[in-house]
Structures are given as C-alpha cells and as structure tokens.
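Pasting protein26.cif here (mmCIF, C-alpha atoms):
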```cif
data_data
loop_
_atom_site.label_atom_id
_atom_site.label_comp_id
_atom_site.auth_asym_id
_atom_site.auth_seq_id
_atom_site.Cartn_x
_atom_site.Cartn_y
_atom_site.Cartn_z
CA MET E 1378 0.00 0.00 0.00
CA CYS E 1379 1.17 3.53 -0.72
CA ASP E 1380 2.09 5.43 2.44
CA VAL E 1381 1.33 8.80 0.91
CA CYS E 1382 -2.15 8.45 -0.58
CA GLY E 1383 -3.27 5.19 1.04
CA CYS E 1384 -4.36 3.62 -2.28
CA GLN E 1385 -4.28 -0.19 -2.60
CA LEU E 1386 -3.59 -0.28 -6.37
CA HIS E 1387 0.15 -0.62 -6.46
CA ASP E 1388 3.26 0.43 -4.62
CA HIS E 1389 3.88 3.67 -6.47
CA HIS E 1390 5.82 6.86 -5.73
CA HIS E 1391 4.70 10.46 -5.49
CA SER E 1392 7.68 12.09 -7.14
CA ASP E 1393 10.69 11.26 -4.94
CA SER E 1394 9.14 12.64 -1.84
CA ARG E 1395 9.60 10.72 1.39
CA ILE E 1396 8.14 11.36 4.79
CA VAL E 1397 10.12 10.44 7.86
CA GLU E 1398 8.56 10.39 11.32
CA VAL E 1399 11.19 11.61 13.75
CA ASN E 1400 9.43 12.52 17.00
CA GLN E 1401 12.59 13.56 18.76
CA SER E 1402 13.04 16.40 21.22
CA LEU E 1403 15.18 19.27 19.99
CA LEU E 1404 16.53 19.52 23.49
CA GLU E 1405 17.70 15.91 23.36
CA ALA E 1406 21.40 16.71 22.90
CA ASN E 1407 21.26 18.94 25.96
CA GLN E 1408 19.23 16.39 27.94
CA LYS E 1409 21.73 13.61 27.19
CA GLN E 1410 24.62 15.79 28.32
CA ALA E 1411 22.65 16.79 31.42
CA ALA E 1412 22.15 13.13 32.34
CA SER E 1413 25.86 12.51 31.98
CA ASN E 1414 26.62 15.64 34.05
CA LYS E 1415 24.44 14.26 36.82
CA THR E 1416 26.42 11.01 36.89
CA HIS E 1417 29.64 13.03 36.84
CA ILE E 1418 28.47 15.17 39.79
CA GLU E 1419 27.52 12.07 41.76
CA LYS E 1420 30.94 10.51 41.06
CA MET E 1421 32.44 13.67 42.52
CA GLY E 1422 30.45 12.79 45.65
CA ALA E 1423 28.12 15.76 45.33
CA ILE E 1424 24.62 16.97 44.67
CA ALA E 1425 24.19 20.05 42.50
CA ILE E 1426 21.85 23.01 42.85
CA ASN E 1427 21.09 25.23 39.86
CA LEU E 1428 20.40 28.81 41.01
CA ILE E 1429 18.25 30.84 38.62
CA SER E 1430 17.13 34.45 39.01
CA SER E 1431 17.19 37.92 37.50
CA PRO E 1432 20.48 39.80 37.72
CA GLY E 1433 20.92 41.37 41.15
CA SER E 1434 18.55 39.22 43.19
CA GLY E 1435 21.38 38.08 45.45
CA LYS E 1436 22.62 34.71 44.16
CA THR E 1437 26.29 35.38 44.90
CA THR E 1438 25.55 37.04 48.25
CA LEU E 1439 23.46 33.99 49.18
CA LEU E 1440 26.43 31.74 48.34
CA GLU E 1441 28.88 33.88 50.33
CA ARG E 1442 26.81 33.61 53.50
CA THR E 1443 26.06 29.92 52.84
CA ILE E 1444 29.80 29.21 52.69
CA ASP E 1445 30.32 31.08 55.97
CA GLU E 1446 27.47 29.29 57.75
CA LEU E 1447 28.26 25.78 56.54
CA GLY E 1448 31.94 26.21 57.40
CA ASP E 1449 34.45 23.45 56.78
CA SER E 1450 32.01 20.65 57.53
CA VAL E 1451 30.59 20.76 54.01
CA LYS E 1452 32.83 20.76 50.94
CA ILE E 1453 31.43 23.25 48.45
CA GLY E 1454 32.28 23.90 44.81
CA VAL E 1455 30.83 26.67 42.68
CA ILE E 1456 30.31 27.08 38.94
CA GLU E 1457 29.54 30.68 38.04
CA GLY E 1458 27.80 31.62 34.79
CA ASP E 1459 28.08 35.17 33.53
CA ILE E 1460 28.22 36.88 30.18
CA GLU E 1461 31.46 38.60 31.12
CA THR E 1462 34.02 38.96 33.95
CA GLU E 1463 35.42 36.76 36.72
CA ARG E 1464 33.89 38.96 39.41
CA ASP E 1465 31.46 36.45 40.89
CA ALA E 1466 34.01 33.63 40.92
CA ASP E 1467 36.51 35.98 42.60
CA ARG E 1468 33.99 36.69 45.38
CA ILE E 1469 33.61 32.95 45.99
CA ARG E 1470 37.38 32.30 45.81
CA ALA E 1471 37.88 35.00 48.45
CA LYS E 1472 35.98 32.66 50.79
CA GLY E 1473 38.47 29.88 50.09
CA VAL E 1474 36.06 27.83 47.99
CA PRO E 1475 36.99 26.51 44.52
CA ALA E 1476 35.07 28.38 41.83
CA VAL E 1477 34.97 28.10 38.05
CA GLN E 1478 33.82 31.05 36.01
CA LEU E 1479 32.01 30.23 32.79
CA THR E 1480 31.87 33.32 30.62
CA THR E 1481 29.30 32.78 27.92
CA GLY E 1482 30.41 35.73 25.80
CA GLY E 1483 26.82 36.77 25.17
CA ALA E 1484 24.64 33.69 25.66
CA CYS E 1485 21.74 34.28 28.02
CA HIS E 1486 21.87 30.90 29.78
CA LEU E 1487 24.14 28.01 30.72
CA ASP E 1488 23.60 24.72 28.92
CA ALA E 1489 24.68 21.20 29.80
CA PRO E 1490 27.82 21.07 27.57
CA MET E 1491 29.16 24.27 29.18
CA VAL E 1492 28.61 22.87 32.66
CA HIS E 1493 30.34 19.64 31.60
CA GLY E 1494 33.49 21.69 30.91
CA GLY E 1495 33.07 23.47 34.24
CA LEU E 1496 32.83 20.20 36.17
CA HIS E 1497 36.18 19.03 34.81
CA VAL E 1498 37.86 22.25 35.87
CA LEU E 1499 36.20 22.08 39.30
CA GLU E 1500 37.43 18.51 39.72
CA HIS E 1501 40.94 19.70 38.94
CA LEU E 1502 40.68 22.58 41.41
CA GLY E 1503 39.45 20.15 44.08
CA LYS E 1504 42.69 18.16 43.65
CA GLY E 1505 40.93 14.82 43.88
CA THR E 1506 38.95 15.50 47.06
CA LYS E 1507 35.23 14.81 47.10
CA PHE E 1508 32.62 17.56 47.05
CA ASP E 1509 29.34 17.63 48.97
CA ILE E 1510 27.46 20.41 47.18
CA ILE E 1511 28.09 22.03 43.83
CA PHE E 1512 26.24 25.28 43.31
CA ILE E 1513 25.73 26.31 39.70
CA GLU E 1514 24.95 30.00 39.57
CA ASN E 1515 23.22 30.51 36.23
CA VAL E 1516 23.47 33.65 34.07
CA GLY E 1517 21.22 36.32 35.63
CA ASN E 1518 18.02 35.86 33.62
CA LEU E 1519 14.57 34.71 34.68
CA VAL E 1520 13.61 33.40 31.23
CA CYS E 1521 16.10 31.45 29.12
CA PRO E 1522 17.86 29.26 31.74
CA ALA E 1523 14.53 27.51 32.37
CA SER E 1524 14.75 25.58 29.08
CA PHE E 1525 18.14 23.97 29.82
CA ASP E 1526 18.61 21.10 32.24
CA LEU E 1527 22.20 21.14 33.51
CA GLY E 1528 22.11 17.81 35.35
CA GLU E 1529 21.29 19.44 38.68
CA HIS E 1530 19.55 17.64 41.56
CA ARG E 1531 17.57 20.69 42.63
CA ARG E 1532 16.61 23.86 40.79
CA ALA E 1533 16.17 26.95 42.94
CA ILE E 1534 14.59 30.22 41.83
CA LEU E 1535 15.47 33.41 43.71
CA LEU E 1536 13.16 36.40 43.70
CA SER E 1537 14.22 39.48 45.64
CA VAL E 1538 11.75 41.80 47.33
CA PRO E 1539 12.55 44.86 45.13
CA GLU E 1540 11.60 42.88 41.99
CA GLY E 1541 7.95 42.59 43.01
CA SER E 1542 5.62 39.76 43.93
CA ASP E 1543 4.06 39.50 40.46
CA LYS E 1544 7.07 37.65 39.03
CA PRO E 1545 5.80 34.07 39.39
CA VAL E 1546 2.80 34.95 37.19
CA LYS E 1547 4.96 36.86 34.73
CA TYR E 1548 7.70 34.20 34.42
CA PRO E 1549 5.70 31.00 34.89
CA THR E 1550 7.83 28.63 32.79
CA THR E 1551 10.75 29.33 35.09
CA PHE E 1552 8.73 28.57 38.20
CA LYS E 1553 7.17 25.47 36.66
CA GLY E 1554 10.54 23.74 36.39
CA ALA E 1555 11.70 24.67 39.90
CA ASP E 1556 12.01 22.65 43.11
CA LEU E 1557 12.68 25.53 45.47
CA PHE E 1558 11.49 29.15 45.48
CA MET E 1559 13.47 31.58 47.65
CA ILE E 1560 12.25 35.07 48.41
CA THR E 1561 15.43 37.03 49.09
CA LYS E 1562 16.26 40.45 50.64
CA ILE E 1563 13.32 40.16 53.04
CA ASP E 1564 14.99 42.82 55.21
CA LEU E 1565 13.62 45.24 52.57
CA TYR E 1566 9.92 44.32 53.01
CA GLN E 1567 9.15 47.64 54.72
CA HIS E 1568 10.49 49.66 51.77
CA PHE E 1569 8.70 47.87 48.95
CA ASP E 1570 5.18 46.96 47.98
CA PHE E 1571 5.88 43.21 47.92
CA ASP E 1572 3.04 40.85 48.80
CA PRO E 1573 4.66 37.57 49.94
CA GLU E 1574 1.32 35.76 49.97
CA GLU E 1575 0.69 36.68 46.33
CA ALA E 1576 4.15 35.47 45.30
CA LYS E 1577 3.78 32.21 47.21
CA SER E 1578 0.22 31.34 46.19
CA GLU E 1579 0.82 32.09 42.49
CA ALA E 1580 4.04 30.09 42.50
CA LEU E 1581 2.26 27.15 44.15
CA LYS E 1582 -0.49 27.20 41.51
CA ILE E 1583 2.15 26.87 38.81
CA GLN E 1584 4.19 24.25 40.67
CA PRO E 1585 2.27 22.68 43.57
CA ASP E 1586 5.30 20.71 44.86
CA LEU E 1587 7.47 23.80 45.25
CA ASP E 1588 9.37 24.28 48.54
CA ILE E 1589 9.37 27.94 49.60
CA LEU E 1590 11.84 29.82 51.80
CA SER E 1591 12.09 33.52 52.73
CA LEU E 1592 15.40 34.94 53.84
CA SER E 1593 17.86 37.78 53.99
CA ALA E 1594 21.52 37.03 53.38
CA THR E 1595 22.36 40.44 54.87
CA THR E 1596 20.62 40.18 58.26
CA GLY E 1597 20.52 36.37 58.36
CA GLU E 1598 16.77 36.30 58.93
CA GLY E 1599 15.32 32.99 57.71
CA PHE E 1600 18.77 31.74 56.79
CA ASP E 1601 18.63 28.83 59.26
CA GLN E 1602 15.81 27.32 57.16
CA TRP E 1603 17.97 27.40 54.05
CA ILE E 1604 20.85 25.76 55.91
CA ALA E 1605 18.42 23.13 57.23
CA TYR E 1606 17.16 22.55 53.69
CA LEU E 1607 20.71 21.94 52.47
CA LYS E 1608 21.59 19.64 55.38
CA ASN E 1609 18.42 17.67 54.79
CA LEU E 1610 19.38 17.25 51.12
CA LEU E 1611 22.84 16.05 52.08
CA ASN E 1612 21.42 13.44 54.44
CA LYS E 1613 19.16 11.93 51.79
CA MET U 775 50.96 16.33 32.02
CA GLU U 776 47.68 14.52 31.64
CA GLU U 777 46.09 16.65 34.34
CA LYS U 778 47.41 19.85 32.86
CA ALA U 779 45.99 18.96 29.46
CA ILE U 780 42.53 18.44 30.96
CA PHE U 781 42.80 21.71 32.80
CA GLN U 782 43.84 23.68 29.75
CA GLY U 783 41.19 21.91 27.70
CA GLY U 784 38.64 22.99 30.24
CA ILE U 785 39.76 26.60 30.20
CA GLN U 786 39.73 26.66 26.46
CA LEU U 787 36.23 25.33 26.47
CA LEU U 788 35.15 28.03 28.83
CA THR U 789 36.57 31.18 27.38
CA LYS U 790 34.66 31.28 24.12
CA THR U 791 32.33 28.59 22.92
CA ASP U 792 31.63 28.23 19.22
CA ASN U 793 28.12 26.92 19.49
CA HIS U 794 26.85 29.11 22.25
CA ASP U 795 27.22 32.60 20.94
CA ASN U 796 23.53 32.82 20.12
CA THR U 797 22.19 35.39 22.49
CA MET U 798 18.56 34.36 22.26
CA HIS U 799 17.65 30.85 23.37
CA GLU U 800 15.21 30.43 20.45
CA LEU U 801 18.17 30.88 18.10
CA SER U 802 20.18 28.14 19.86
CA LEU U 803 17.17 25.85 19.57
CA ALA U 804 16.66 26.67 15.88
CA GLN U 805 20.32 25.78 15.39
CA ASN U 806 19.64 22.41 17.08
CA LEU U 807 16.84 21.84 14.58
CA ILE U 808 19.12 22.62 11.67
CA ASP U 809 21.81 20.27 12.98
CA GLN U 810 19.26 17.47 13.22
CA LEU U 811 17.86 18.15 9.74
CA LEU U 812 21.30 18.05 8.16
CA GLN U 813 22.10 14.82 9.94
CA LEU U 814 18.79 13.20 8.97
CA SER U 815 18.95 14.26 5.32
CA LYS U 816 22.43 12.74 5.09
CA GLN U 817 21.31 9.58 6.85
CA HIS U 818 18.37 9.16 4.43
CA ASP U 819 20.47 10.15 1.42
CA ALA U 820 18.09 12.98 0.51
CA LYS U 821 18.95 15.91 -1.76
CA THR U 822 16.64 18.42 -0.17
CA VAL U 823 14.35 18.75 2.80
CA THR U 824 11.02 20.22 1.68
CA LYS U 825 8.90 20.30 4.80
CA VAL U 826 9.58 20.17 8.54
CA THR U 827 6.96 19.79 11.26
CA VAL U 828 7.85 20.92 14.77
CA MET U 829 5.64 20.94 17.83
CA ILE U 830 6.16 23.71 20.38
CA GLY U 831 4.41 23.12 23.68
CA PRO U 832 2.48 26.03 25.19
CA PHE U 833 4.57 25.94 28.37
CA SER U 834 7.96 25.42 26.72
CA GLY U 835 9.04 29.02 27.26
CA ILE U 836 9.78 29.30 23.56
CA VAL U 837 8.50 32.25 21.55
CA VAL U 838 7.05 30.71 18.38
CA GLU U 839 7.77 33.77 16.20
CA SER U 840 11.39 34.03 17.36
CA PHE U 841 11.96 30.34 16.73
CA ALA U 842 10.51 30.63 13.19
CA PHE U 843 12.60 33.73 12.54
CA GLY U 844 15.75 31.98 13.77
CA PHE U 845 15.11 28.99 11.54
CA LYS U 846 14.48 31.17 8.50
CA ALA U 847 17.70 33.10 9.06
CA LEU U 848 19.91 30.09 9.82
CA LYS U 849 18.67 27.74 7.08
CA GLN U 850 20.06 30.06 4.36
CA ASP U 851 23.56 28.81 5.12
CA HIS U 852 22.76 25.15 4.45
CA GLN U 853 21.99 24.09 0.89
CA PRO U 854 19.88 20.94 1.56
CA ILE U 855 17.43 22.85 3.73
CA THR U 856 17.25 26.36 2.26
CA GLY U 857 13.84 25.51 0.72
CA ALA U 858 12.45 23.74 3.77
CA GLN U 859 9.03 24.93 4.83
CA LEU U 860 8.56 25.05 8.60
CA ILE U 861 5.20 23.89 9.92
CA LEU U 862 4.71 24.73 13.58
CA GLU U 863 2.15 22.90 15.67
CA THR U 864 1.13 24.82 18.76
CA PRO U 865 -1.26 22.70 20.79
CA ALA U 866 -3.70 24.33 23.18
CA PRO U 867 -2.55 24.64 26.79
CA GLU U 868 -4.00 22.27 29.35
CA TYR U 869 -4.58 23.07 33.00
CA ILE U 870 -5.13 20.54 35.71
CA CYS U 871 -7.46 21.46 38.55
CA LEU U 872 -5.53 21.05 41.81
CA ASP U 873 -8.79 20.30 43.63
CA CYS U 874 -10.63 17.75 41.44
CA LYS U 875 -7.86 16.80 38.96
CA THR U 876 -10.01 17.60 35.91
CA ILE U 877 -8.00 18.60 32.82
CA ASN U 878 -9.24 21.90 31.37
CA THR U 879 -8.22 23.05 27.89
CA GLY U 880 -7.38 26.69 27.19
CA ASP U 881 -7.22 28.67 23.94
CA THR U 882 -4.22 28.48 21.64
CA ARG U 883 -4.22 31.86 19.99
CA THR U 884 -5.94 35.17 20.14
CA ALA U 885 -7.97 36.49 17.20
CA ASP U 886 -5.07 38.51 15.78
CA GLY U 887 -2.92 35.39 15.53
CA HIS U 888 -0.48 36.27 18.28
CA PRO U 889 0.25 33.69 20.92
CA LYS U 890 -1.93 34.08 23.93
CA ALA U 891 -0.33 34.65 27.30
CA VAL U 892 -1.21 31.11 28.26
CA TYR U 893 -0.56 31.37 31.96
CA GLU U 894 -2.61 34.50 32.33
CA THR U 895 -5.69 32.48 31.51
CA ILE U 896 -5.18 30.56 34.74
CA ASN U 897 -6.33 33.64 36.54
CA ASP U 898 -9.25 34.27 34.19
CA LYS U 899 -10.56 30.76 34.46
CA ILE U 900 -12.21 28.40 36.83
CA CYS U 901 -12.38 24.63 36.59
CA SER U 902 -15.20 23.52 34.31
CA ALA U 903 -16.02 20.62 36.63
CA CYS U 904 -15.83 22.00 40.18
CA GLY U 905 -15.47 25.79 39.83
CA SER U 906 -12.13 25.97 41.67
CA ASN U 907 -9.68 28.69 40.58
CA ARG U 908 -6.66 26.55 41.45
CA LEU U 909 -5.68 25.62 37.90
CA SER U 910 -2.10 24.56 37.20
CA PRO U 911 -0.31 24.07 33.86
CA ASN U 912 -0.31 20.44 32.75
CA GLY U 913 2.53 19.16 30.53
CA GLY U 914 3.21 21.23 27.43
CA ALA U 915 6.95 21.87 27.88
CA GLU U 916 7.94 19.96 24.72
CA LEU U 917 9.88 21.07 21.66
CA ILE U 918 9.68 18.15 19.27
CA LEU U 919 10.80 17.55 15.70
CA LYS U 920 7.87 15.44 14.57
CA GLN U 921 8.20 14.82 10.87
CA LEU U 922 10.11 15.79 7.78
CA GLU U 923 9.55 15.47 4.08
CA MET U 924 12.57 14.96 1.85
CA GLU U 925 13.32 14.45 -1.82
#
```
The structure given in the file should be rewritten as structure tokens.
Amino acid sequence: MCDVCGCQLHDHHHSDSRIVEVNQSLLEANQKQAASNKTHIEKMGAIAINLISSPGSGKTTLLERTIDELGDSVKIGVIEGDIETERDADRIRAKGVPAVQLTTGGACHLDAPMVHGGLHVLEHLGKGTKFDIIFIENVGNLVCPASFDLGEHRRAILLSVPEGSDKPVKYPTTFKGADLFMITKIDLYQHFDFDPEEAKSEALKIQPDLDILSLSATTGEGFDQWIAYLKNLLNK
Amino acid sequence: MEEKAIFQGGIQLLTKTDNHDNTMHELSLAQNLIDQLLQLSKQHDAKTVTKVTVMIGPFSGIVVESFAFGFKALKQDHQPITGAQLILETPAPEYICLDCKTINTGDTRTADGHPKAVYETINDKICSACGSNRLSPNGGAELILKQLEME
C-alpha cells in the first residue's frame, strides 16, 4: 500500500518525496549531556543546585553567607555563569572555595555542555577531594535558563523583594521547572510593595510541589531554614 | 601532564564557545533543529528537505515567532534545507485542577494570531467541573521535531 495516498492499487511513488517520522526532542542533545553531568556530579560525591534568578537578586551574596554558615564541615564547589568577567568567581574564591567562572560571551543561559566543561575544571581545582554540594549560579536571567537542564539535583529560583511579587505569574515557565522558590532580601519588606502571599500562592499554583523559603543574606533572617534545607538534602 | 591537558582543555572550552554565541535561546534551539535536519537528510540520502513539522508546547518558554525567525535566518547557510518549509504545531494549553484533577483546555491563539499569554488564563478561568480557581499548567513543555519530508 502507498504510504502517501493510502491507495491499494500498487506500490507507487509520489515524485521522490519521502516522509520520515522523527518525534525527537530538539533539546535531546542537551538532555543527554545533562544526564551525563548528573552522573559526573555524583561521582564527585556531590549533589548540584542550579540557582536561577534575574540579575541582582542576590545569588552570589546567598552563596557567600552559605559558605560562611556551613563552614568546613561541608565541601562546596561553585560554577559561576556570567556573560562577562570573573567577578562572581573571585567573590567565591575570596571565601576559600573553589570556583569556576564560565563566561558565555553573550549567551543568556548556561547549557549542559558548558557545565560539563566546568565540572572538569572544578574537579581539577578540588585536587581529587570529594565535594558535597556544587552550586551552579546561572546567568542572571529569569527566562532562558529555564529551558536547559544542567544535570542538577535541585533547581532553585530566587526572587528578591525589590523585583515585586508579580514575578511568578509573569515568568511561569521558570517557576514550573523549579524545586525551590526563595524570596530574598526580606529585610527590605518595609520599603517595597511586595506581597509575599501573592508570590507564594501564584508560584504554588504553577508548581504545587514547590518548597518555599524567605530569607535575607544580609541580616541572616530565615537563613537557618535554608541551611536546614541543604543539610536535609545532604542526608538523603 | 595529563592533568594539565585536561585543565587547559577545560579553560579553552570556557573562554569562548563556538556553538553558544547565540544570544537568544530560540536561536540556539533553531540551530539544534538545523543540525538534526542536516544529519537526517544525510542519513536518508536525501537531496533536499522540503517540509519540517515541529511541535512547540504552550509551556515550553519558547517564543514561536522568534523560533521561526531563527530557523528562516539560519537555514540560508545550508543548501539541503534552504527551501524547507517550517510547519509549527502549537497545541492548546492544558490546565489541571488542583482540587478535582479535571483537565481543562485553554485557547491556543488570540484572534489577531499572536500567541496568547497562556498562563494569564489561569487567573481568568475556573475549573469547568468544580469551579475551583486553582488551575495549574499540565505538561506542554515539549519542543519536538515530529516529521520531515525529503526528496
């Protein structure tokens, strides 16, 4: 029978045209690399957390205080994604923690092949010792990073108080793929018109299994819950 | 020496990456499509690709127009696919009711043909079965190369 027109007469051809059913995800190359990254991370003894947010919501400041609070008991490694400069990695290195800076040269997100390169460098910097947690600080952007799995075990979205509580509704795809939602800079509540209940309830509609934390890396308010979250992850 | 080579390899990888200088993620994804088309046309020994069908899920975070624009711009550089017509399937968004688990279907496009802000409709709508306003996006994150036609 002819595949094109369905006629039973004879096995004929409609010009030289052929139809091929592919049904393959265009993100497959990235997904395969992400799966291999995950295995790589686990071989390094670690779990990885992908931090996604707008620029300036406090990702690096969160990491600085996290390093201080966890101390030497937890071995941390950091992969920093930025369009340009080593500035974020330098801030982490100043805390004595190995950090790799990925400069994308313009790309708005990290993808799995870039992180693969970063993991090898981090492994080298660790000089063969095991890691407990690898933080991957994505390029500051609340949109594009959502489409790229990096092989992380948890994906955390940060939203700072000055940005406004309407962001979960405005950037839903990002929240849909997240495991943890952190409201940051809560020491600024009194200065901004931020409705935490709106942010939380809208985020939970989009992703009902979302864990939610509120904290300030400046004053330390709510930070114990974040540390508890990390310790709980490490004990799993 | 071995270690040093890995290290330098890593650094090299990180400074500038050939495939990742597309500043818009739709452009990177259109490039992925082109890579797959070139590979498939070679594999099937085809001279040209005439038609490509791609499905973009309503919650994929991909702007349909930008993806189509990226494909149109990038295909010009590759002879076997310069004439390929891109057919985009954009299925309607589905929302699951968090209270009664009923799947509700939203609208795909507005009257003027522009993509509808699919999440916004969560707030306009209530569940058709139980009236709850707790509707959550259901699936729809795919970007799939479904079919191609070659000669």
Find, counting only C-alpha atoms, the residue in U:Met924, U:Cys871, U:Ile877, U:Ile855 that gets nearest to chain E. U:Met924
Selection dump of the PyMOL selection byres ((chain E) within 8 of (chain U)), as a VMD selection string: chain E and resid 1393 to 1404 1478 to 1486 1491 1494 to 1495 1497 to 1498 1501 1520 to 1521 1523 to 1524 1546 1549 to 1550 1582 to 1585
I need the residue nearest E:Ile1560 from this list: E:Val1477, E:Ala1580, E:Leu1487, E:Ala1411. Use all atoms listed in the file for the distance.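 Among the listed residues, E:Ala1580 lies closest to E:Ile1560.
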Looking at only C-alpha atoms, which of E:Ile1511, E:Leu1527, E:Leu1557, E:Leu1535 is the one that sits closest to E:Ser1593?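 When distances to E:Ser1593 are compared using only C-alpha atoms, the smallest one comes from E:Leu1535.
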Residue contacts of stretch 1603-1610 of chain E (9 Å, only C-alpha atoms) excluding same-chain residues fewer than 3 positions away, as a list in words: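 Counting only the stated atoms, we get Ile1424, Thr1443, Glu1446, Leu1447, Ile1510, Met1559, Leu1590, Ser1591, Leu1592, Gly1599, Phe1600 and Lys1613 of chain E.
Between atom CA of E:Glu1405 and atom CA of E:Gly1454 lies a distance of 27.1 Å.
Atom CA of E:Asn1427 lies 4.8 Å from atom CA of E:Ile1513.
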One-decimal distance in Å that lies between atom CA of E:Ala1406 and atom CA of U:Lys849: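 These atoms are spaced 19.5 Å apart.
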Select, counting only C-alpha atoms, all protein, DNA and RNA residues no farther than 6 Å from (29.1, 30.0, 39.2) in file coordinates, and express the selection as a list in words.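 Residues with an atom close enough to that point: Val1455, Ile1456, Glu1457, Gly1458, Gln1478, Ile1513 and Glu1514 of chain E.
Across E:Lys1472, E:Arg1532, E:Lys1409, E:Lys1436, the tightest approach to E:Ala1594 is made by E:Lys1436 when counting only C-alpha atoms.
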With a distance cut-off of 7 Å and only C-alpha atoms, select the neighbouring residues of U:Gly844, excluding the residue or stretch itself and same-chain residues fewer than 2 positions from it, and output the selection as a list in words.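 Skipping anything fewer than 2 positions along the chain leaves Glu800, Leu801, Ala804, Ser840, Phe841, Ala842, Lys846, Ala847 and Leu848 of chain U.
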On this structure, which residues satisfy the PyMOL selection byres ((chain E and resi 1418) around 12), written as a PDB file with C-alpha atoms, in the coordinates of the input?
```pdb
ATOM      1  CA  ALA E1411      22.650  16.790  31.420  1.00  0.00           C
ATOM      2  CA  ALA E1412      22.150  13.130  32.340  1.00  0.00           C
ATOM      3  CA  SER E1413      25.860  12.510  31.980  1.00  0.00           C
ATOM      4  CA  ASN E1414      26.620  15.640  34.050  1.00  0.00           C
ATOM      5  CA  LYS E1415      24.440  14.260  36.820  1.00  0.00           C
ATOM      6  CA  THR E1416      26.420  11.010  36.890  1.00  0.00           C
ATOM      7  CA  HIS E1417      29.640  13.030  36.840  1.00  0.00           C
ATOM      8  CA  GLU E1419      27.520  12.070  41.760  1.00  0.00           C
ATOM      9  CA  LYS E1420      30.940  10.510  41.060  1.00  0.00           C
ATOM     10  CA  MET E1421      32.440  13.670  42.520  1.00  0.00           C
ATOM     11  CA  GLY E1422      30.450  12.790  45.650  1.00  0.00           C
ATOM     12  CA  ALA E1423      28.120  15.760  45.330  1.00  0.00           C
ATOM     13  CA  ILE E1424      24.620  16.970  44.670  1.00  0.00           C
ATOM     14  CA  ALA E1425      24.190  20.050  42.500  1.00  0.00           C
ATOM     15  CA  ILE E1426      21.850  23.010  42.850  1.00  0.00           C
ATOM     16  CA  GLY E1454      32.280  23.900  44.810  1.00  0.00           C
ATOM     17  CA  VAL E1492      28.610  22.870  32.660  1.00  0.00           C
ATOM     18  CA  HIS E1493      30.340  19.640  31.600  1.00  0.00           C
ATOM     19  CA  GLY E1495      33.070  23.470  34.240  1.00  0.00           C
ATOM     20  CA  LEU E1496      32.830  20.200  36.170  1.00  0.00           C
ATOM     21  CA  HIS E1497      36.180  19.030  34.810  1.00  0.00           C
ATOM     22  CA  LEU E1499      36.200  22.080  39.300  1.00  0.00           C
ATOM     23  CA  GLU E1500      37.430  18.510  39.720  1.00  0.00           C
ATOM     24  CA  LYS E1507      35.230  14.810  47.100  1.00  0.00           C
ATOM     25  CA  PHE E1508      32.620  17.560  47.050  1.00  0.00           C
ATOM     26  CA  ASP E1509      29.340  17.630  48.970  1.00  0.00           C
ATOM     27  CA  ILE E1510      27.460  20.410  47.180  1.00  0.00           C
ATOM     28  CA  ILE E1511      28.090  22.030  43.830  1.00  0.00           C
ATOM     29  CA  PHE E1512      26.240  25.280  43.310  1.00  0.00           C
ATOM     30  CA  ILE E1513      25.730  26.310  39.700  1.00  0.00           C
ATOM     31  CA  LEU E1527      22.200  21.140  33.510  1.00  0.00           C
ATOM     32  CA  GLY E1528      22.110  17.810  35.350  1.00  0.00           C
ATOM     33  CA  GLU E1529      21.290  19.440  38.680  1.00  0.00           C
ATOM     34  CA  HIS E1530      19.550  17.640  41.560  1.00  0.00           C
TER      35      HIS E1530
END
```
Which is closest to U:Ala866 among U:Asp881, U:Glu839, U:Asp851, U:Asp819, if we use all atoms listed in the file? U:Asp881
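Using all atoms listed in the file, the nearest neighbour of E:Asp1601 within the list E:Lys1562, E:Arg1442, E:Lys1553, E:Arg1468 is E:Arg1442.
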